[in-house]
$ cat input_22.csv   # CSV, C-alpha atoms and all ligand atoms
chain,number,residue,atom,x,y,z
A,110,MET,CA,-22.6,66.1,-70.1
A,111,ASN,CA,-19.6,65.1,-72.3
A,112,VAL,CA,-19.0,67.4,-75.2
A,113,LEU,CA,-16.6,66.5,-78.1
A,114,GLY,CA,-15.1,69.8,-79.4
A,115,ILE,CA,-13.6,70.2,-82.9
A,116,GLU,CA,-11.5,73.3,-83.9
A,117,SER,CA,-10.0,73.9,-87.3
A,118,SER,CA,-10.3,77.6,-88.0
A,119,CYS,CA,-6.7,78.4,-88.8
A,120,ASP,CA,-3.5,76.3,-88.6
A,121,GLU,CA,-4.4,74.1,-85.6
A,122,THR,CA,-6.5,70.9,-85.9
A,123,SER,CA,-7.8,70.1,-82.4
A,124,ALA,CA,-10.3,67.9,-80.7
A,125,SER,CA,-11.2,67.7,-77.0
A,126,VAL,CA,-13.6,66.0,-74.6
A,127,VAL,CA,-14.9,68.4,-71.9
A,128,LYS,CA,-17.4,67.5,-69.2
A,129,ASP,CA,-20.1,70.0,-68.1
A,130,GLY,CA,-18.4,73.0,-69.8
A,131,HIS,CA,-15.2,73.1,-67.7
A,132,LYS,CA,-13.6,69.7,-66.9
A,133,ILE,CA,-11.2,68.9,-69.6
A,134,LEU,CA,-10.9,65.1,-70.0
A,135,SER,CA,-8.7,65.2,-73.0
A,136,GLN,CA,-7.3,67.6,-75.6
A,137,THR,CA,-5.2,66.9,-78.8
A,138,ILE,CA,-3.7,69.6,-81.0
A,139,ALA,CA,-1.9,69.1,-84.3
A,140,SER,CA,-0.3,72.3,-85.6
A,141,SER,CA,0.8,73.0,-89.2
A,142,ALA,CA,2.9,76.0,-88.1
A,143,ASP,CA,6.0,74.2,-89.3
A,144,ILE,CA,4.9,74.5,-92.9
A,145,HIS,CA,3.8,78.1,-92.5
A,146,ALA,CA,7.2,79.0,-91.0
A,147,HIS,CA,8.6,79.0,-94.6
A,148,TYR,CA,6.2,81.7,-95.6
A,149,GLY,CA,6.2,83.9,-92.4
A,150,GLY,CA,2.4,83.5,-92.1
A,151,VAL,CA,-0.4,81.0,-92.5
A,152,PHE,CA,-0.7,79.6,-96.1
A,153,PRO,CA,-4.4,78.7,-96.2
A,154,GLU,CA,-4.3,76.0,-98.8
A,155,LEU,CA,-1.5,74.1,-97.0
A,156,ALA,CA,-3.3,74.5,-93.7
A,157,CYS,CA,-6.4,72.9,-95.3
A,158,ARG,CA,-4.4,69.9,-96.5
A,159,ARG,CA,-3.0,69.3,-93.1
A,160,HIS,CA,-6.5,69.6,-91.5
A,161,ILE,CA,-7.7,66.9,-93.9
A,162,GLU,CA,-4.9,64.5,-92.8
A,163,ALA,CA,-5.1,65.3,-89.1
A,164,ILE,CA,-8.8,65.7,-88.4
A,165,ILE,CA,-9.8,62.0,-87.9
A,166,PRO,CA,-6.6,60.9,-86.0
A,167,VAL,CA,-6.9,63.9,-83.7
A,168,ILE,CA,-10.6,63.1,-82.9
A,169,ASP,CA,-9.7,59.4,-82.4
A,170,GLU,CA,-6.8,60.4,-80.0
A,171,ALA,CA,-9.0,62.8,-78.0
A,172,LEU,CA,-11.6,60.0,-77.5
A,173,GLU,CA,-8.9,57.5,-76.6
A,174,LYS,CA,-7.2,59.8,-74.1
A,175,ALA,CA,-10.6,60.5,-72.5
A,176,LYS,CA,-11.2,56.7,-72.5
A,177,MET,CA,-14.5,57.2,-74.2
A,178,GLY,CA,-16.3,55.9,-77.3
A,179,PRO,CA,-19.0,57.6,-79.4
A,180,GLU,CA,-21.7,56.3,-77.0
A,181,ASP,CA,-20.2,58.4,-74.2
A,182,ILE,CA,-20.5,61.7,-76.1
A,183,ASP,CA,-23.6,63.7,-75.6
A,184,LEU,CA,-22.9,66.6,-78.0
A,185,ILE,CA,-20.5,67.7,-80.7
A,186,ALA,CA,-19.4,71.3,-80.7
A,187,VAL,CA,-17.6,72.7,-83.7
A,188,THR,CA,-16.1,76.1,-84.6
A,189,LYS,CA,-18.4,77.7,-87.2
A,190,GLY,CA,-16.2,80.8,-87.7
A,191,PRO,CA,-14.6,83.3,-88.0
A,192,GLY,CA,-11.6,81.8,-89.7
A,193,LEU,CA,-10.2,80.5,-93.0
A,194,ILE,CA,-13.2,79.2,-94.8
A,195,GLY,CA,-11.5,76.1,-96.3
A,196,ALA,CA,-10.1,75.2,-92.9
A,197,LEU,CA,-13.5,75.7,-91.1
A,198,LEU,CA,-15.3,73.5,-93.6
A,199,ILE,CA,-13.1,70.6,-92.8
A,200,GLY,CA,-13.9,70.7,-89.1
A,201,MET,CA,-17.6,71.4,-89.9
A,202,HIS,CA,-17.9,68.4,-92.2
A,203,ALA,CA,-16.2,66.1,-89.8
A,204,ALA,CA,-18.6,67.2,-87.1
A,205,LYS,CA,-21.6,66.8,-89.3
A,206,GLY,CA,-20.5,63.4,-90.4
A,207,LEU,CA,-20.0,62.2,-86.8
A,208,SER,CA,-23.3,63.8,-85.8
A,209,ILE,CA,-25.1,61.7,-88.5
A,210,ALA,CA,-23.1,58.5,-87.8
A,211,TRP,CA,-23.4,58.7,-84.0
A,212,ASN,CA,-26.9,60.3,-83.9
A,213,LYS,CA,-25.7,63.1,-81.6
A,214,PRO,CA,-26.7,66.8,-81.7
A,215,ILE,CA,-24.3,69.3,-83.1
A,216,ILE,CA,-23.7,72.9,-82.0
A,217,GLY,CA,-21.8,75.7,-83.9
A,218,VAL,CA,-19.5,77.9,-81.7
A,219,ASN,CA,-18.0,81.3,-82.5
A,220,HIS,CA,-14.2,81.0,-82.3
A,221,VAL,CA,-13.6,84.5,-80.9
A,222,GLU,CA,-16.2,84.1,-78.2
A,223,ALA,CA,-14.6,80.8,-77.3
A,224,HIS,CA,-11.3,82.6,-76.8
A,225,LEU,CA,-13.0,84.7,-74.1
A,226,TYR,CA,-14.7,81.7,-72.6
A,227,ALA,CA,-11.2,80.0,-72.2
A,228,ALA,CA,-10.4,82.5,-69.4
A,229,MET,CA,-13.7,81.5,-67.6
A,230,MET,CA,-13.1,77.8,-68.0
A,231,GLY,CA,-10.7,77.4,-65.0
A,232,SER,CA,-13.5,78.1,-62.5
A,233,GLU,CA,-16.9,76.6,-61.8
A,234,LYS,CA,-18.0,79.9,-60.3
A,235,PRO,CA,-20.1,82.2,-62.5
A,236,PRO,CA,-18.1,84.9,-64.3
A,237,CYS,CA,-17.8,88.4,-62.8
A,238,LEU,CA,-20.1,90.4,-65.0
A,239,PRO,CA,-20.4,92.9,-66.6
A,240,ALA,CA,-16.7,92.6,-67.6
A,241,LEU,CA,-14.5,93.8,-70.4
A,242,GLY,CA,-13.5,91.1,-72.9
A,243,LEU,CA,-10.3,91.4,-74.9
A,244,VAL,CA,-9.2,88.9,-77.6
A,245,LEU,CA,-5.5,89.3,-78.6
A,246,SER,CA,-4.6,86.6,-81.1
A,247,GLY,CA,-3.0,86.0,-84.5
A,248,GLY,CA,-6.2,86.7,-86.4
A,249,HIS,CA,-8.2,88.9,-84.0
A,250,THR,CA,-8.0,92.0,-81.8
A,251,LEU,CA,-11.4,92.7,-80.3
A,252,LEU,CA,-12.6,94.6,-77.3
A,253,VAL,CA,-16.2,94.0,-76.0
A,254,GLN,CA,-18.2,94.5,-72.9
A,255,ILE,CA,-19.5,91.1,-71.7
A,256,THR,CA,-22.9,91.5,-70.2
A,257,ASN,CA,-23.7,87.8,-70.1
A,258,LEU,CA,-22.3,84.6,-71.6
A,259,GLY,CA,-23.5,85.0,-75.2
A,260,SER,CA,-24.3,88.7,-74.8
A,261,TYR,CA,-21.7,91.3,-76.0
A,262,GLU,CA,-21.5,95.0,-76.6
A,263,PHE,CA,-19.0,95.8,-79.3
A,264,ILE,CA,-16.3,98.3,-78.2
A,265,GLY,CA,-13.4,98.2,-80.7
A,266,THR,CA,-11.4,96.1,-83.1
A,267,THR,CA,-8.4,96.5,-85.4
A,268,VAL,CA,-8.8,98.4,-88.6
A,269,ASP,CA,-5.8,96.6,-90.1
A,270,ASP,CA,-3.4,94.0,-88.6
A,271,ALA,CA,-4.3,91.9,-85.6
A,272,ILE,CA,-1.9,92.3,-82.7
A,273,GLY,CA,-0.5,88.8,-83.0
A,274,GLU,CA,-0.1,89.3,-86.8
A,275,ALA,CA,1.9,92.5,-86.0
A,276,PHE,CA,4.2,90.5,-83.7
A,277,ASP,CA,4.7,87.9,-86.4
A,278,LYS,CA,5.5,90.5,-89.1
A,279,VAL,CA,7.9,92.4,-86.9
A,280,ALA,CA,9.6,89.1,-86.0
A,281,THR,CA,10.0,88.3,-89.7
A,282,LEU,CA,11.6,91.7,-90.2
A,283,LEU,CA,14.0,90.8,-87.4
A,284,ASN,CA,14.7,87.4,-89.0
A,285,LEU,CA,13.1,85.5,-86.1
A,286,PRO,CA,11.3,82.2,-86.6
A,287,TYR,CA,7.5,82.0,-87.1
A,288,PRO,CA,5.3,82.4,-85.2
A,289,GLY,CA,7.3,85.3,-83.9
A,290,GLY,CA,5.4,86.5,-80.8
A,291,PRO,CA,7.2,84.3,-78.3
A,292,HIS,CA,10.6,85.1,-79.9
A,293,ILE,CA,9.9,88.8,-79.7
A,294,GLU,CA,9.1,88.4,-76.0
A,295,PHE,CA,12.2,86.4,-75.4
A,296,ILE,CA,14.7,88.8,-77.0
A,297,ALA,CA,12.9,91.8,-75.7
A,298,LYS,CA,14.0,90.8,-72.2
A,299,GLN,CA,17.5,91.9,-73.0
A,300,GLY,CA,16.4,95.1,-74.8
A,301,ASP,CA,15.7,98.7,-73.9
A,302,PRO,CA,12.0,99.5,-74.4
A,303,LYS,CA,12.7,103.2,-74.5
A,304,LYS,CA,15.3,103.1,-77.2
A,305,PHE,CA,12.8,103.6,-80.1
A,306,SER,CA,9.7,105.7,-79.7
A,307,PHE,CA,7.3,103.5,-81.7
A,308,LYS,CA,3.6,104.2,-81.4
A,309,ALA,CA,0.5,102.2,-82.3
A,310,GLY,CA,-1.9,104.1,-84.7
A,311,HIS,CA,-4.8,106.3,-83.6
A,312,VAL,CA,-8.0,105.7,-85.5
A,313,LYS,CA,-9.7,109.0,-86.2
A,314,LYS,CA,-13.3,109.3,-84.8
A,315,HIS,CA,-13.0,105.8,-83.4
A,316,PRO,CA,-10.5,106.1,-80.5
A,317,LEU,CA,-11.4,102.6,-79.2
A,318,ASN,CA,-10.3,100.9,-82.4
A,319,PHE,CA,-6.8,99.6,-82.9
A,320,SER,CA,-4.3,100.0,-85.7
A,321,PHE,CA,-1.0,98.1,-85.8
A,322,SER,CA,0.2,98.4,-89.4
A,323,GLY,CA,1.9,101.8,-89.0
A,324,ILE,CA,4.0,100.6,-86.1
A,325,LYS,CA,5.2,97.6,-88.2
A,326,THR,CA,6.3,100.1,-90.9
A,327,SER,CA,8.1,102.2,-88.2
A,328,VAL,CA,10.1,99.1,-87.3
A,329,LEU,CA,10.9,98.6,-91.0
A,330,TYR,CA,12.3,102.2,-91.1
A,331,ALA,CA,14.2,101.7,-87.9
A,332,ILE,CA,15.9,98.6,-89.4
A,333,LYS,CA,16.8,100.6,-92.6
A,334,GLY,CA,17.7,97.4,-94.4
A,335,LEU,CA,20.9,97.1,-92.3
A,336,PRO,CA,22.2,94.0,-90.6
A,337,LEU,CA,21.5,94.3,-86.9
A,338,SER,CA,23.5,93.3,-83.8
A,339,ASP,CA,21.7,91.2,-81.2
A,340,ILE,CA,21.4,94.1,-78.9
A,341,GLU,CA,19.9,96.3,-81.6
A,342,LYS,CA,17.3,93.6,-82.4
A,343,ALA,CA,16.5,93.3,-78.7
A,344,ASP,CA,16.0,97.1,-78.4
A,345,ILE,CA,13.7,97.1,-81.4
A,346,ALA,CA,11.7,94.1,-80.1
A,347,ALA,CA,11.4,95.6,-76.6
A,348,SER,CA,10.4,99.0,-77.9
A,349,PHE,CA,7.8,97.5,-80.3
A,350,GLN,CA,6.4,95.2,-77.6
A,351,GLU,CA,6.1,98.1,-75.1
A,352,ALA,CA,4.4,100.3,-77.6
A,353,ALA,CA,1.9,97.6,-78.6
A,354,PHE,CA,1.0,96.8,-75.0
A,355,SER,CA,0.8,100.4,-73.9
A,356,ASP,CA,-1.8,100.9,-76.6
A,357,ILE,CA,-3.8,97.9,-75.3
A,358,ALA,CA,-3.6,99.3,-71.7
A,359,ASN,CA,-4.6,102.8,-72.9
A,360,LYS,CA,-7.6,101.4,-74.8
A,361,ILE,CA,-8.7,99.5,-71.6
A,362,THR,CA,-8.5,102.8,-69.7
A,363,LEU,CA,-10.6,104.5,-72.2
A,364,ALA,CA,-13.1,101.7,-72.3
A,365,LEU,CA,-13.4,101.7,-68.5
A,366,GLN,CA,-14.5,105.3,-68.6
A,367,GLN,CA,-17.4,104.4,-70.8
A,368,PHE,CA,-18.4,100.9,-69.7
A,369,SER,CA,-18.4,100.2,-66.0
A,370,CYS,CA,-16.7,96.9,-65.4
A,371,SER,CA,-14.8,95.4,-62.4
A,372,ALA,CA,-13.2,92.5,-64.3
A,373,ILE,CA,-11.5,91.8,-67.6
A,374,TYR,CA,-11.4,88.4,-69.4
A,375,LEU,CA,-8.6,88.0,-71.9
A,376,GLY,CA,-8.1,85.4,-74.6
A,377,GLY,CA,-5.8,84.5,-77.6
A,378,GLY,CA,-2.2,83.5,-78.1
A,379,VAL,CA,-0.7,87.0,-77.2
A,380,CYS,CA,-2.0,86.4,-73.6
A,381,ASN,CA,1.0,84.1,-73.2
A,382,ASN,CA,3.2,87.2,-73.0
A,383,GLN,CA,4.4,87.7,-69.4
A,384,ARG,CA,5.3,91.4,-70.1
A,385,LEU,CA,1.6,92.0,-71.0
A,386,ARG,CA,0.4,90.3,-67.9
A,387,LYS,CA,2.7,92.3,-65.7
A,388,LEU,CA,1.8,95.6,-67.4
A,389,LEU,CA,-1.9,95.1,-67.0
A,390,ALA,CA,-1.5,94.0,-63.4
A,391,GLU,CA,0.4,97.3,-62.7
A,392,ARG,CA,-1.9,99.5,-64.6
A,393,PHE,CA,-5.2,98.0,-63.3
A,394,PRO,CA,-4.6,96.9,-59.7
A,395,HIS,CA,-8.3,97.3,-58.9
A,396,LEU,CA,-9.5,95.2,-61.8
A,397,GLN,CA,-9.9,91.4,-61.5
A,398,ILE,CA,-7.9,90.1,-64.5
A,399,PHE,CA,-8.7,86.6,-65.8
A,400,TRP,CA,-6.2,85.0,-68.2
A,401,PRO,CA,-6.6,81.8,-70.1
A,402,PRO,CA,-4.7,78.8,-68.7
A,403,LYS,CA,-1.6,78.2,-70.9
A,404,ASP,CA,-3.1,75.3,-72.9
A,405,LEU,CA,-6.2,77.4,-73.6
A,406,SER,CA,-4.6,80.6,-74.9
A,407,LEU,CA,-3.7,79.4,-78.4
A,408,ASP,CA,-6.3,77.8,-80.7
A,409,ASN,CA,-7.8,74.7,-79.0
A,410,ALA,CA,-10.9,72.6,-79.1
A,411,ALA,CA,-11.4,72.5,-75.3
A,412,MET,CA,-12.7,76.1,-75.3
A,413,ILE,CA,-15.1,75.2,-78.2
A,414,ALA,CA,-16.4,72.1,-76.3
A,415,GLY,CA,-16.7,74.2,-73.1
A,416,LEU,CA,-18.7,77.0,-74.7
A,417,GLY,CA,-20.7,74.5,-76.8
A,418,PHE,CA,-22.0,73.1,-73.5
A,419,HIS,CA,-23.4,76.5,-72.5
A,420,LYS,CA,-24.8,77.3,-75.9
A,421,PHE,CA,-26.7,74.0,-76.0
A,422,ARG,CA,-28.2,74.6,-72.5
A,423,GLN,CA,-29.1,78.1,-73.3
A,424,ASN,CA,-30.8,76.8,-76.5
A,425,ASN,CA,-33.1,74.6,-74.5
A,426,LYS,CA,-30.9,71.6,-75.2
A,427,GLN,CA,-31.5,71.9,-78.9
A,428,GLY,CA,-28.6,71.5,-81.4
A,429,ASP,CA,-28.2,73.4,-84.6
A,430,PRO,CA,-29.8,72.1,-87.8
A,431,LEU,CA,-27.5,70.0,-90.1
A,432,ASP,CA,-27.5,72.8,-92.6
A,433,LEU,CA,-25.4,74.9,-90.1
A,434,GLU,CA,-22.8,76.7,-92.2
A,435,ALA,CA,-19.2,77.6,-91.6
A,436,CYS,CA,-18.6,81.3,-92.1
A,437,ALA,CA,-15.3,83.1,-92.6
A,438,ARG,CA,-16.5,86.3,-90.9
A,439,ILE,CA,-19.1,86.4,-88.1
A,440,PRO,CA,-19.2,89.2,-85.5
A,441,ILE,CA,-19.2,88.0,-81.9
A,442,THR,CA,-22.3,90.2,-81.3
A,443,LEU,CA,-24.4,87.9,-83.5
A,444,SER,CA,-24.1,85.1,-81.0
A,445,ASN,CA,-26.3,86.9,-78.5
A,446,HIS,CA,-29.4,85.5,-80.1
A,447,ILE,CA,-29.6,82.8,-77.4
A,448,ALA,CA,-28.8,85.1,-74.4
A,501,LIG,O1,-4.8,82.5,-80.5
A,501,LIG,P1,-3.9,82.2,-81.6
A,501,LIG,O2,-3.6,80.7,-81.8
A,501,LIG,O3,-4.3,82.9,-83.0
A,501,LIG,C1,-5.5,83.0,-83.6
A,501,LIG,O4,-6.5,82.4,-83.1
A,501,LIG,O5,-5.6,83.7,-84.6
A,501,LIG,O6,-2.5,83.0,-81.3
A,501,LIG,C2,-1.4,82.9,-82.2
A,501,LIG,C3,-0.7,84.3,-82.1
A,501,LIG,C4,0.5,84.4,-83.0
A,501,LIG,O7,0.4,85.6,-83.7
A,501,LIG,C5,1.7,84.4,-82.0
A,501,LIG,O8,2.8,85.1,-82.5
A,501,LIG,C6,1.0,85.1,-80.8
A,501,LIG,O9,-0.3,84.5,-80.7
A,501,LIG,N1,1.8,84.8,-79.6
A,501,LIG,C7,2.4,85.7,-78.8
A,501,LIG,C8,3.0,85.0,-77.8
A,501,LIG,N2,2.7,83.7,-77.9
A,501,LIG,C9,1.9,83.6,-79.0
A,501,LIG,N3,2.6,87.0,-79.0
A,501,LIG,C10,3.3,87.7,-78.1
A,501,LIG,N4,3.9,87.1,-77.1
A,501,LIG,C11,3.8,85.8,-76.9
A,501,LIG,N5,4.5,85.2,-75.8
A,502,ZN,ZN,-7.9,81.8,-82.3
$ encode --input "input_22.csv" --output "structure tokens" --more "lines below"
Ligand code: KG4
Ligand code: ZN
Amino acid sequence: MNVLGIESSCDETSASVVKDGHKILSQTIASSADIHAHYGGVFPELACRRHIEAIIPVIDEALEKAKMGPEDIDLIAVTKGPGLIGALLIGMHAAKGLSIAWNKPIIGVNHVEAHLYAAMMGSEKPPCLPALGLVLSGGHTLLVQITNLGSYEFIGTTVDDAIGEAFDKVATLLNLPYPGGPHIEFIAKQGDPKKFSFKAGHVKKHPLNFSFSGIKTSVLYAIKGLPLSDIEKADIAASFQEAAFSDIANKITLALQQFSCSAIYLGGGVCNNQRLRKLLAERFPHLQIFWPPKDLSLDNAAMIAGLGFHKFRQNNKQGDPLDLEACARIPITLSNHIA
């Protein structure tokens, strides 16, 4: 079954053709990160304008790369949320238009759930369940127990900044380009992670929730408005990164005490960070850790097409009605209606 996936929830416009939920036949991604770089974060209105320009060429290119025409596509999967509402609407309307024009079913996919599915896509084998699921991206920080594909037990989320957002804000404080995560990782290699004792926040009464806004403020105080040498910047980056990732590892430890799991699936752009990968491998040698392949960690349409395939099958090969709506906020736990 060939699924055309469409993703437009933030600043990437992406289309992909995926066969049977895992074989990626093509993927095209147009990013508007260059415009947002001027503002140090995503400027929603400008992201929407780029989506409008990019959506049709990106879909055309994905079909062309897969050497397919509309007649070869069996299903259109589209991100229905969460995300920027204007941005989501552009992908959603493109998908609905094609569904009508080509007479193909359409299925809405939860973006955060798709980030977790990305780590399962590399293999045809069934996932190791129950597992912990952890999404670490620019817009989301979410810890769940995955009991089945489409069935999630909420464990924790951020009460303020997402982890990727904290990396981007700290990078801005250090005058590094946007998006800052990869730049923090790069300069942190030369820094001393013990130089500053930064600490992620503790959320009272909800120890499995995350809080990253305080650590960003601690970085601001450490900088004290002074010009920094390269080594000082590297020490701050390394200390921040270590504190953020130790918090992630500590939350996993706590979660494992309450939810019995032998595997963890991770998704989202922060998963590209090699220090995070090393730290989790050291801290959890007995856990099977599944990372998304590089092309599938940042926002992409392949994960949407892949998960769309399973949603359609679980839904007795029924698509969503054409009044399917994009939604800026949807909890991942809502998607378990088809489990
Ligand atoms: O998954 P993604 O595209 O965002 C959302 O869906 O929201 O991930 C983008 C985020 C940005 O915040 C970026 O700085 C961060 O992932 N990121 C990293 C790294 N590569 C990307 N953060 C830390 N280390 C990296 N190597
Ligand atoms: Zn994302």
$ closest_residue --input "input_22.csv" --among "A:Ile185, A:Ala364, A:Leu416, A:Leu433" --to "Asn219 of chain A" --atoms "only C-alpha atoms"
A:Leu416
$ residues_near_ligand --input "input_22.csv" --ligand "ligand LIG 501 (chain A)" --cutoff "7 Å" --atoms "only C-alpha atoms and all ligand atoms" --output "short mmCIF file (atom, residue, chain, number, x, y, z; two decimals) with C-alpha atoms, in the coordinates of the input"
data_model
loop_
_atom_site.label_atom_id
_atom_site.label_comp_id
_atom_site.auth_asym_id
_atom_site.auth_seq_id
_atom_site.Cartn_x
_atom_site.Cartn_y
_atom_site.Cartn_z
CA CYS A 119 -6.70 78.40 -88.80
CA SER A 246 -4.60 86.60 -81.10
CA GLY A 247 -3.00 86.00 -84.50
CA GLY A 248 -6.20 86.70 -86.40
CA HIS A 249 -8.20 88.90 -84.00
CA GLY A 273 -0.50 88.80 -83.00
CA GLU A 274 -0.10 89.30 -86.80
CA PHE A 276 4.20 90.50 -83.70
CA ASP A 277 4.70 87.90 -86.40
CA PRO A 288 5.30 82.40 -85.20
CA GLY A 289 7.30 85.30 -83.90
CA GLY A 290 5.40 86.50 -80.80
CA PRO A 291 7.20 84.30 -78.30
CA ILE A 293 9.90 88.80 -79.70
CA GLU A 294 9.10 88.40 -76.00
CA GLY A 377 -5.80 84.50 -77.60
CA GLY A 378 -2.20 83.50 -78.10
CA VAL A 379 -0.70 87.00 -77.20
CA CYS A 380 -2.00 86.40 -73.60
CA ASN A 381 1.00 84.10 -73.20
CA ASN A 382 3.20 87.20 -73.00
CA GLN A 383 4.40 87.70 -69.40
CA SER A 406 -4.60 80.60 -74.90
CA LEU A 407 -3.70 79.40 -78.40
CA ASP A 408 -6.30 77.80 -80.70
#
$ closest_residue --input "input_22.csv" --among "A:Lys278, A:Ile373, A:Arg386, A:Pro336" --to "Ser355 of chain A" --atoms "only C-alpha atoms"
A:Arg386
$ closest_residue --input "input_22.csv" --among "A:Arg422, A:His315, A:Arg438, A:Lys403" --to "Met110 of chain A" --atoms "all atoms listed in the file"
A:Arg422
$ atom_distance --input "input_22.csv" --atom1 "atom CA of Thr266 of chain A" --atom2 "atom CA of Lys342 of chain A"
28.8 Å
$ residues_near_point --input "input_22.csv" --point "(-8.3, 78.0, -95.5)" --cutoff "10 Å" --atoms "only C-alpha atoms" --output "PyMOL selection string"
chain A and resi 117-120+151-158+160+192-199+437
$ residues_near_point --input "input_22.csv" --point "(-8.8, 67.0, -82.4)" --cutoff "8 Å" --atoms "only C-alpha atoms" --output "ChimeraX atom specification"
/A:114-116,122-125,136-139,163-171,410
$ closest_residue --input "input_22.csv" --among "A:Ile255, A:Leu113, A:Ala331, A:Leu405" --to "Pro214 of chain A" --atoms "only C-alpha atoms"
A:Leu113
$ residues_around --input "input_22.csv" --residues "His395 of chain A" --least-positions-apart "6" --cutoff "12 Å" --atoms "all atoms listed in the file" --output "list in words"
Leu365, Cys370, Ser371, Ala372, Ile373 and Leu389 of chain A
$ closest_residue --input "input_22.csv" --among "A:Ala142, A:Phe368, A:Asn284, A:Lys298" --to "Glu262 of chain A" --atoms "all atoms listed in the file"
A:Phe368
